[in-house]
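Enquirer: Here it is, the structure in full.
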Amino acid sequence: MKVRHLFVLAAVSIGVVSLSACRDNDDTNDVMAETSDAVPVTNADPTDESTEAMASTDQPDVQASMAERNALGVLNAINEHEIAAGKQALSKGVKGPVAAYAQMMIDQHTENRDKTSALNPESAAPHADAQRKKGEQALAMLDEKSGDAYSKAYVAAMVKDHTEALAALDSKLIPAAGRAEVTTHLAATREHVATHLAQAKQLEGAAN
């Protein structure tokens with residue numbers, strides 16, 4: 001009888017321990033479930049947020065770069081016009097200082113065009129296209145003249161062109177520069193344009 005009683009007590013003890021263990025497991029599962037609900041699992045790349053931040057930060061730089069490239073496109077449209085005008089003047093038979101000036105325009109604006117092209121200009125920009133068309137119209141008007149009339153008209157056009165080029169450099173092109181090398185290039189270009197203007201005015205004064 002005593003032995004049987006001991007077996008019964010042992011069985012009851014084991015049942016209590018098992019029940020307690022089950023309850024502990026249930027509580028653990030509940031906690032894990034709550035934790036899982038509170039912090040959802042995600043496969044998102046942790047670099048995504050930083051990439052978006054970098055893209056947002058880079059956006060103004062992209063815009064500045066386009067403004068810079070557009071400005072360089074306008075400058076090359078000016079260069080192309082001065083080269084074409086110089087070649088037209090020589091083909092019209094201008095002589096003396098005017099011929100020397102026309103050749104200088106070809107040489108120096110070709111050099112400036114090459115340096116500008118190396119800086120990645122946007123040649124198809126609307127302002128560049130408008131500048132190009134303006135130059136074509138001016139050349140068409142000049143082409144109608146010949147002899148001394150052409151020589152005087154060419155010099156007058158050079159005064160006008162370089163006056164406008166200086167104004168464009170100061171008000172639009174130089175302020176659009178973002179890279180240091182572009183700022184340096186446009187500053188050097190301004191010095192050349194100012195010299196070209198002064199020389200054209202001297203030619204104009206000598207002809208009057």
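Ligands are numbered from 1 in the order shown, chains are lettered A, B, ... in the order of the structure tokens, and residues start at 1 in each chain.
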May I have the residues within 9 Å of Asp161 (chain A) as number ranges by chain, using only C-alpha atoms and disregarding those fewer than 3 positions away in the same chain?

Expert: A: 78, 82, 156-158, 164-166, 197

Enquirer: Mind dumping the selected residues with N, CA and C atoms as an mmCIF file, in the first residue's frame?

Expert:
```
data_model
loop_
_atom_site.group_PDB
_atom_site.id
_atom_site.type_symbol
_atom_site.label_atom_id
_atom_site.label_comp_id
_atom_site.auth_asym_id
_atom_site.auth_seq_id
_atom_site.Cartn_x
_atom_site.Cartn_y
_atom_site.Cartn_z
ATOM 1 N N ILE A 78 28.617 81.334 -80.078
ATOM 2 C CA ILE A 78 29.286 82.622 -80.342
ATOM 3 C C ILE A 78 30.606 82.382 -81.071
ATOM 4 N N GLU A 82 31.758 83.780 -84.875
ATOM 5 C CA GLU A 82 32.925 84.632 -85.129
ATOM 6 C C GLU A 82 33.893 83.971 -86.106
ATOM 7 N N ALA A 156 31.780 96.922 -87.903
ATOM 8 C CA ALA A 156 30.664 97.350 -87.051
ATOM 9 C C ALA A 156 30.005 96.127 -86.400
ATOM 10 N N ALA A 157 29.903 95.045 -87.152
ATOM 11 C CA ALA A 157 29.317 93.814 -86.606
ATOM 12 C C ALA A 157 30.191 93.238 -85.488
ATOM 13 N N MET A 158 31.507 93.357 -85.634
ATOM 14 C CA MET A 158 32.416 92.859 -84.598
ATOM 15 C C MET A 158 32.294 93.670 -83.298
ATOM 16 N N GLU A 164 27.902 92.518 -77.078
ATOM 17 C CA GLU A 164 26.858 91.604 -76.603
ATOM 18 C C GLU A 164 27.455 90.371 -75.910
ATOM 19 N N ALA A 165 28.587 89.891 -76.427
ATOM 20 C CA ALA A 165 29.235 88.723 -75.820
ATOM 21 C C ALA A 165 29.721 89.042 -74.413
ATOM 22 N N LEU A 166 30.274 90.228 -74.214
ATOM 23 C CA LEU A 166 30.710 90.646 -72.877
ATOM 24 C C LEU A 166 29.527 90.699 -71.914
ATOM 25 N N LEU A 197 36.972 93.453 -78.578
ATOM 26 C CA LEU A 197 36.092 94.613 -78.668
ATOM 27 C C LEU A 197 36.901 95.898 -78.799
#
```

Enquirer: Could you tell me how far CA of Glu144 (chain A) lies from CA of Ala207 (chain A), in Å and to one decimal?

Expert: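 Answer for the CA of Glu144 (chain A) to CA of Ala207 (chain A) separation: 20.0 Å.
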
Enquirer: Please list as a list in words every residue within 9 Å of region 93-110 of chain A, counting only C-alpha atoms and excluding residues in the same chain fewer than 5 positions away.

Expert: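 Those residues are Asn76, Ile78, Asn79, Glu80, Glu82, Ile83, Ala84, Ala85, Gly86, Lys87, Gln88, Lys115, Ser146, Gly147, Asp148, Tyr150, Ser151, Tyr154, Val155, His192, His196, Gln199, Ala200 and Leu203 of chain A.
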